[in-house]
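Notes follow once the structure below has been shown.
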Amino acid sequence: MKKIDCVQEKLVNLRRQMRKYGLDGLLVTDHTDQLYLTDFFFYQGEAVFLISLKKIVALTRSLYAEPFGQFAPYMQVVGEDNHRAETILTYIQKLGLHQVGFDAAKEAYLSGQLFRKNGLVEVPSFINMLRETKDAQALKALRAANRLAYLTYEYIKPRIKTGMTECEVAAEMEYFMRKNGAKSTSFFTIVAFGENTANPHHETGLRKLKANDAILLDFGCVYDNYCSDMTRSWWHGNNVPAEYTKIWKITDDARKQGIKAAKIGVGCRAVDATCRDLITQAGYGVYFTHGTGHGVGLEIHEDPYNNQTSTYILKEGNIVTVEPGIYLPGKYGVRLEDTVAITKAGAKILTRK
């Protein structure tokens, strides 16, 4: 399917939701939602879309007016350097719209107050709902992004040497990803050595790798606008502690069982429970300190989430991570993470060649 066809399909689905809630207009101010609808990247605050049932007006900075107008000829693009809330209201009047919605969860407080005062209505995050399931174009990009992440792992693992710092390893990984087409990293690359591997969200630093040390890499890249995410853990050196081997095996078993459990019609809570129960039964439940996973797409963390508070039921086209971990404070930790696509045949691992 061509990109323009994918865009039109997204707009059809969005307008269907608008009609369901009795709206004749919808404001889209979040830049990631704008990227989803157009495949054109704006920084936050540089554009506002006013979507009616028949027309779209895009207010954006003058410097974007020509290139975006050519990119999205199906929109009326207005070069408006002062697209504050008051300006938006004038365009709502020009289009004769009476029931316009906005996503309060993504709106600045003052703008939201002004919108409410002028009769706009708060609505659910329609675009979040659409973004939960990926179309063929998104799946292709996600596969490429996650393949590049896996190739980065294969590239860096034999190049990590005793005495290197965490930052040096991260720099090598990020260079490889950018050299092979990544726009950026999905998040700050996590490289952790030794006791730092026991911190799930360690900040990569200048700690040097010792002759016998634990290693944990959590990383991903943005490729064709979509993110990847994977984590690998292993022991550097020949003197592997028996307990490290034990928790690595438990974590790997949990990862495999979690992926096996992730199917159409299965609750995200059940996927989390599969991993959590296995780790708990092995005696390490207290050391598994985060959810089993999250959705991945245009953002590195998005719906749905594999955790115990989720009520979401997995659907075909969902992309989620499965990332159990065991972290022993002051010693070392293990996390093993794959990103998977939910298909009719079960969970398909994307973090592979």
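Just remember, in the structure tokens the first chain shown is A, the second B, etc., residues are 1-based per chain, and ligands are 1-based in the order shown.
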
All residues 7 Å or closer to A:Gly325, only C-alpha atoms, same chain fewer than 6 positions away omitted, as a list in words: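 My reading of the contact set: Thr251, Phe288, Val334, Arg335 and Leu336 of chain A.
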
All strand (DSSP E or B) residues (DSSP, backbone) inside stretch 127-215 of chain A, as a count of residues only: 11

10 Å contact set for stretch 119-125 of chain A, only C-alpha atoms, chain neighbours under 4 positions out, as a ChimeraX atom specification: /A:17-18,21,23,25-27,33,89,92,98-106,112-115,129-130

Can those selected residues be exported to a file as a tab-separated table (two decimals), in the first residue's frame so that it contains N, CA, C and O atoms?
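File result-v8.tsv, as written:
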chain	number	residue	atom	x	y	z
A	17	GLN	N	-14.35	7.82	14.13
A	17	GLN	CA	-14.40	8.06	15.57
A	17	GLN	C	-15.03	9.42	15.89
A	17	GLN	O	-15.78	9.57	16.86
A	18	MET	N	-14.73	10.41	15.07
A	18	MET	CA	-15.32	11.73	15.26
A	18	MET	C	-16.84	11.66	15.16
A	18	MET	O	-17.56	12.22	16.01
A	21	TYR	N	-18.63	10.23	18.18
A	21	TYR	CA	-18.76	11.14	19.32
A	21	TYR	C	-19.48	12.43	18.96
A	21	TYR	O	-19.48	13.38	19.74
A	23	LEU	N	-18.84	14.70	16.65
A	23	LEU	CA	-17.96	15.84	16.37
A	23	LEU	C	-18.00	16.20	14.89
A	23	LEU	O	-18.06	15.32	14.03
A	25	GLY	N	-15.52	18.49	14.13
A	25	GLY	CA	-14.14	18.96	14.04
A	25	GLY	C	-13.28	18.37	15.15
A	25	GLY	O	-13.79	17.97	16.20
A	26	LEU	N	-11.97	18.31	14.90
A	26	LEU	CA	-11.04	17.79	15.89
A	26	LEU	C	-9.72	18.53	15.77
A	26	LEU	O	-9.19	18.70	14.66
A	27	LEU	N	-9.19	18.99	16.90
A	27	LEU	CA	-7.87	19.61	16.93
A	27	LEU	C	-6.81	18.55	17.20
A	27	LEU	O	-6.98	17.71	18.10
A	33	ASP	N	1.20	12.58	16.97
A	33	ASP	CA	-0.06	12.30	16.29
A	33	ASP	C	-0.05	12.88	14.88
A	33	ASP	O	-0.58	12.28	13.94
A	89	LEU	N	-9.13	29.38	17.16
A	89	LEU	CA	-10.57	29.64	17.31
A	89	LEU	C	-11.14	30.39	16.12
A	89	LEU	O	-12.29	30.15	15.72
A	92	ILE	N	-11.82	27.88	13.41
A	92	ILE	CA	-13.01	27.08	13.71
A	92	ILE	C	-14.26	27.83	13.25
A	92	ILE	O	-15.18	27.25	12.65
A	98	HIS	N	-19.21	23.45	14.83
A	98	HIS	CA	-19.99	23.68	16.04
A	98	HIS	C	-19.62	22.75	17.20
A	98	HIS	O	-19.84	23.08	18.36
A	99	GLN	N	-19.10	21.58	16.88
A	99	GLN	CA	-18.76	20.60	17.92
A	99	GLN	C	-17.35	20.09	17.65
A	99	GLN	O	-17.13	19.11	16.96
A	100	VAL	N	-16.37	20.79	18.23
A	100	VAL	CA	-14.97	20.49	17.97
A	100	VAL	C	-14.35	19.88	19.23
A	100	VAL	O	-14.49	20.41	20.33
A	101	GLY	N	-13.66	18.78	19.04
A	101	GLY	CA	-13.02	18.10	20.16
A	101	GLY	C	-11.54	18.37	20.23
A	101	GLY	O	-10.90	18.76	19.24
A	102	PHE	N	-10.96	18.16	21.42
A	102	PHE	CA	-9.51	18.23	21.59
A	102	PHE	C	-9.10	17.20	22.63
A	102	PHE	O	-9.88	16.84	23.51
A	103	ASP	N	-7.88	16.74	22.50
A	103	ASP	CA	-7.35	15.71	23.39
A	103	ASP	C	-6.72	16.40	24.60
A	103	ASP	O	-5.57	16.84	24.56
A	104	ALA	N	-7.49	16.50	25.68
A	104	ALA	CA	-7.02	17.23	26.86
A	104	ALA	C	-5.78	16.60	27.47
A	104	ALA	O	-4.95	17.29	28.08
A	105	ALA	N	-5.61	15.28	27.30
A	105	ALA	CA	-4.45	14.59	27.88
A	105	ALA	C	-3.15	15.05	27.24
A	105	ALA	O	-2.08	14.89	27.83
A	106	LYS	N	-3.23	15.64	26.04
A	106	LYS	CA	-2.03	16.06	25.33
A	106	LYS	C	-1.97	17.57	25.14
A	106	LYS	O	-1.11	18.06	24.40
A	112	GLY	N	-5.87	24.38	26.99
A	112	GLY	CA	-7.03	23.57	27.31
A	112	GLY	C	-8.12	24.38	27.99
A	112	GLY	O	-9.30	24.24	27.68
A	113	GLN	N	-7.72	25.25	28.91
A	113	GLN	CA	-8.69	26.11	29.59
A	113	GLN	C	-9.40	27.02	28.60
A	113	GLN	O	-10.62	27.20	28.67
A	114	LEU	N	-8.64	27.58	27.67
A	114	LEU	CA	-9.23	28.47	26.67
A	114	LEU	C	-10.17	27.71	25.75
A	114	LEU	O	-11.26	28.20	25.41
A	115	PHE	N	-9.79	26.51	25.35
A	115	PHE	CA	-10.65	25.71	24.48
A	115	PHE	C	-11.97	25.38	25.18
A	115	PHE	O	-13.05	25.49	24.58
A	129	MET	N	-5.67	5.37	20.09
A	129	MET	CA	-6.39	4.11	19.82
A	129	MET	C	-6.02	3.57	18.44
A	129	MET	O	-5.82	2.36	18.27
A	130	LEU	N	-5.94	4.47	17.46
A	130	LEU	CA	-5.58	4.03	16.11
A	130	LEU	C	-4.14	3.55	16.06
A	130	LEU	O	-3.81	2.61	15.34

Minimum-distance residue to A:Ser62, chosen among A:Lys183, A:Tyr226, A:Val78, A:Pro200 (using only C-alpha atoms): A:Val78

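When atom CA of A:Glu80 is paired with atom CA of A:Leu298, their separation reads 26.3 Å.
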
Who sits within 9 Å of A:Ser111, only C-alpha atoms, same chain under 3 positions skipped, as a PyMOL selection string: chain A and resi 84-86+107-108+114-116

Contacts of A:Ile349 at 10 Å (only C-alpha atoms; same-chain gap of 4+ positions) as a PyMOL selection string: chain A and resi 143+146-147+259+319-322+338-342+353
